[in-house]
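A.B. asks: I have a structure here, written as structure tokens, and I will follow up with some questions on it.
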Amino acid sequence: MMLRLAKDLTLPLAASTETILIVGKRGSGKSSTATRFAEQLIHAGVPIAVLDPVDVWWGLKAGADGSADGGLPVYVFGGRHSDLPLEPTAGTLMADVIVDERINVVMCLRGFTEGEKAKYVADFADRLYRRNREPLHLFCEEGHRLMPQTRMERGAGENIMLSRMLRLFTEGRTSGIGLTAITQRAARLHKDATTQAEILLAHRLIGPQDVKAVEEWIKYHHQEDLRDQVLSTLPELKTADCWVWAPDFPEDDPVGLRRVHVLAPETFDSRKTPKAGERVTEPKQLAPVDLDRLRKQMAATIERAKQEDPKALRAEIARLRQELSGQLKAKASIVSEALSAKPPKVVKVPVLSDAQAAKLLRAENQFREAATRLSENAANWARLATDLADVIVGAKGRAAAITGSKLLEPSGPHRVNLEHPVRLVEESRTSVNGQLKLGLAERKILSALVQHPDGRSAKQLAVLTGYAVHGGGFGNALGNLRRHRLIEGRNNDLIRVTSAGEEIGRQEADPLPPPGEALFEYWMRHPRLGHAEREILRVLNEVYPQSLPAEEVAQKAISARGHPYAEGGGGFGNAVGKLRTLKLIEGYGDIRLVDTLVGGQ
């Protein structure tokens with residue numbers, strides 16, 4: 001199926017996963033062109049999603065004459081004509097709904113603050129990139145507000161939004177995502193989005209800086225021989241006239257450069273600017289959508305998201321631990337009361353038979369062995385209490401049957417230790433001063449996990465603590481911490497600190513600084529990072545949020561001897577591997593600084 005934009009221009013359906021830039025001053029027809037393209041995609045069965053900061057895309061739900069009959073099946077979230085409200089915290093949820101239900105969605109961001117908008121778009125873009133695997137086209141109205149060029153317009157939240165939107169723009173095709181950026185301020189759109197768009201649709205432009213942005217696109221795509229033909233005519237283009245430039249699409253028969261008059265959209269013109277003295281008439285009824293079905297599907301998506309949410313899972317684990325701890329304390333109290341009951345007065349006899357002494361000694365040994373297992377298996381509590389009570393009652397019964405003589409109290413190796421079972425367990429795990437016997441390796445591991453409560457792999461812990469991951473000392477330390485319930489998780493999974501381990505670990509380590517400059521400086525001073533690691537972090541911080549080829553990073557990083565590193569050298573390669581293991585950088589061919597080192601989450 002072909003997508004018809006003008007009488008003399010059609011694009012193949014493969015354009016649905018391409019990156020497109022539509023530029024033009026206000027009133028030049030750029031948004032109408034984007035709407036026409038969206039209508040063609042919907043007719044072709046390709047879902048669309050719109051990030052709409054100005055609330056002008058709802059007209060897709062009505063025909064050109066304002067009737068509901070000509071409207072398209074589009075769900076509008078937020079804005080004056082919403083089917084359902086839109087919350088600033090719902091970015092991840094909306095991405096899940098679009099991926100799961102394959103519906104057409106307009107998301108109105110007009111009522112959001114800049115911070116709320118940045119959070120919503122960042123969450124939406126990240127989730128969509130990670131989950132989508134089928135053709136989907138995203139339209140970004142006022143694209144320069146979602147991917148701004150100038151740093152003065154960006155805070156920490158805006159930087160995260162920019163990074164994730166640029167990733168969609170440059171890498172989204174691998175996830176089946178095409179993206180159209182629509183802007184009247186081409187100069188304020190980030191250059192990565194401007195230059196790397198595969199298809200350019202240029203409407204009337206007058207501003208010198210905006211015309212220069214088009215020129216940047218021409219240079220990037222090596223089309224300078226046609227530059228003057230386009231740039232000289234941009235200020236005089238009529239409304240709906242535009243230059244369509246696709247030098248490499250489609251690959252077998254490129255569109256090349258064409259000047260066309262874009263056909264009018266088939267749906268209602270909700271983009272029209274109100275004029276003085278003119279009354280704006282809006283549709284009284286929009287195309288219906290199945291809200292009941294969508295609400296049910298969204299409820300299922302929300303429930304599934306809760307089940308997969310690490311925070312919710314950790315809260316449930318903490319609740320279960322607290323519940324288990326209460327059960328253990330209750331059972332321990334029962335045993336303690338049985339052991340601490342005041343014994344009846346007995347008459348001592350001069351001697352205790354060897355058989356009686358041996359039986360009491362066996363009971364003591366059995367009790368010690370069972371008490372050690374109490375911390376491993378809570379179900380043993382009742383059995384231990386019963387066994388111990390039988391031994392005590394039997395011994396006391398025999399003693400009470402003897403009258404007129406004195407019973408000697410056992411001593412030496414035959415003495416029975418009837419202390420509280422929990423106390424016996426603790427004695428087996430503590431030193432003389434009552435503290436757990438933790439060596440240097442155990443303390444370093446707990447300190448590292450306290451600073452990273454979301455867990456770390458055995459390899460990452462080895463790097464953080466300076467031990468060999470397969471070394472005996474490191475493995476023994478992990479085993480000892482698991483045995484005392486201070487950590488959880490096997491070596492091939494994420495290892496996390498328990499609540500008991502966290503109390504000990506906090507005595508050894510301070511919490512990590514919050515994301516941002518303080519966290520970056522913390523790692524730059526970290527004793528486990530050498531000169532090469534610090535140089536790589538420095539280089540990537542200077543170009544953030546952009547990524548660089550490893551070869552270029554090696555050239556810019558200066559070794560301790562004052563020379564650039566060799567990309568294939570062992571020192572540089574090992575440093576990159578260590579930083580990737582510690583989750584301080586990401587990527588393989590091209591590498592970049594992770595968002596948390598500059599204020600991201």
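Residues in the structure tokens are numbered from 1 in each chain, the chains being A, B, ... in the order shown, and ligands are numbered from 1 in the order shown.
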Give me the residues near Gly489 (chain A) as a ChimeraX atom specification, where near means some atom within 10 Å (using only C-alpha atoms) and where sequence neighbours in that chain fewer than 2 positions away do not count.
C.D. replies: /A:455-458,478,482,487,491-497
A.B. asks: Any idea what's packed within 9 Å of Gly176 (chain A), counting only C-alpha atoms, ignoring anything in its chain fewer than 3 positions away? Could you give it as a list in words?
C.D. replies: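 The residues satisfying every condition are Ser16, Thr17, Tyr129, Asn132, Arg133, Glu134, Pro135, Leu136, His137, Gly172 and Arg173 of chain A.
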A.B. asks: Using only C-alpha atoms, which of A:Ala363, A:Glu251, A:Met1, A:Gln229 sits nearest Leu13 (chain A)?
C.D. replies: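 Between A:Ala363, A:Glu251, A:Met1, A:Gln229, the residue approaching Leu13 (chain A) most closely is A:Met1.
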A.B. asks: Go through A:Met2, A:Val539, A:Gly473, A:Leu519 and flag the residue nearest Ala441 (chain A), using only C-alpha atoms for the distances.
C.D. replies: A:Gly473
A.B. asks: Among region 181-296 of chain A, which residues does DSSP mark as strand (DSSP E or B) when it is run on the backbone? Keep the chain and numbering as in the structure and answer as an MDAnalysis selection string.
C.D. replies: chainID A and resid 181:183 189 199:202 241:246 256:262 267
A.B. asks: Ranking A:Leu146, A:Val469, A:Cys108, A:Met165 by minimum distance to Pro53 (chain A) and counting only C-alpha atoms, which one comes first?
C.D. replies: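 Closest to Pro53 (chain A) of all the choices is A:Cys108.
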A.B. asks: Please provide the set of residues having any atom within 7 Å of Ala64 (chain A), restricted to only C-alpha atoms, with same-chain residues fewer than 5 positions apart removed, written as a list in words.
C.D. replies: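 In the requested format, the answer is Glu266, Thr267, Phe268 and Asp269 of chain A.
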A.B. asks: With N, CA and C atoms retained, export the selected residues as a PDB file, in the first residue's frame.
C.D. replies:
```
ATOM      1  N   GLU A 266      -8.147  14.853   5.494  1.00  0.00           N
ATOM      2  CA  GLU A 266      -9.535  14.419   5.386  1.00  0.00           C
ATOM      3  C   GLU A 266     -10.316  14.654   6.682  1.00  0.00           C
ATOM      4  N   THR A 267      -9.614  14.997   7.749  1.00  0.00           N
ATOM      5  CA  THR A 267     -10.255  15.173   9.055  1.00  0.00           C
ATOM      6  C   THR A 267     -10.350  16.654   9.401  1.00  0.00           C
ATOM      7  N   PHE A 268     -10.971  16.945  10.545  1.00  0.00           N
ATOM      8  CA  PHE A 268     -11.277  18.320  10.941  1.00  0.00           C
ATOM      9  C   PHE A 268     -10.002  19.125  11.204  1.00  0.00           C
ATOM     10  N   ASP A 269     -10.004  20.392  10.738  1.00  0.00           N
ATOM     11  CA  ASP A 269      -8.846  21.280  10.920  1.00  0.00           C
ATOM     12  C   ASP A 269      -8.900  21.916  12.312  1.00  0.00           C
TER      13      ASP A 269
END
```
A.B. asks: Please identify the helix (DSSP H, G or I) residues within region 85-248 of chain A (assignment by DSSP from backbone atoms) and present them as a ChimeraX atom specification.
C.D. replies: /A:91-101,114-131,143-146,151-153,156-175,186-188,191-195,208-220,224-231,234-236
A.B. asks: At a cut-off of 10 Å, using only C-alpha atoms, what residues contact Ile98 (chain A)? Leave out same-chain residues fewer than 2 positions from it and give the result as a PyMOL selection string.
C.D. replies: chain A and resi 47-49+93-96+100-105+128+132+136+298
A.B. asks: Work out how far CA of Gln196 (chain A) is from CA of Asp252 (chain A), in Å to one decimal.
C.D. replies: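 Straight-line distance from CA of Asp252 (chain A) to CA of Gln196 (chain A) works out to 19.9 Å.
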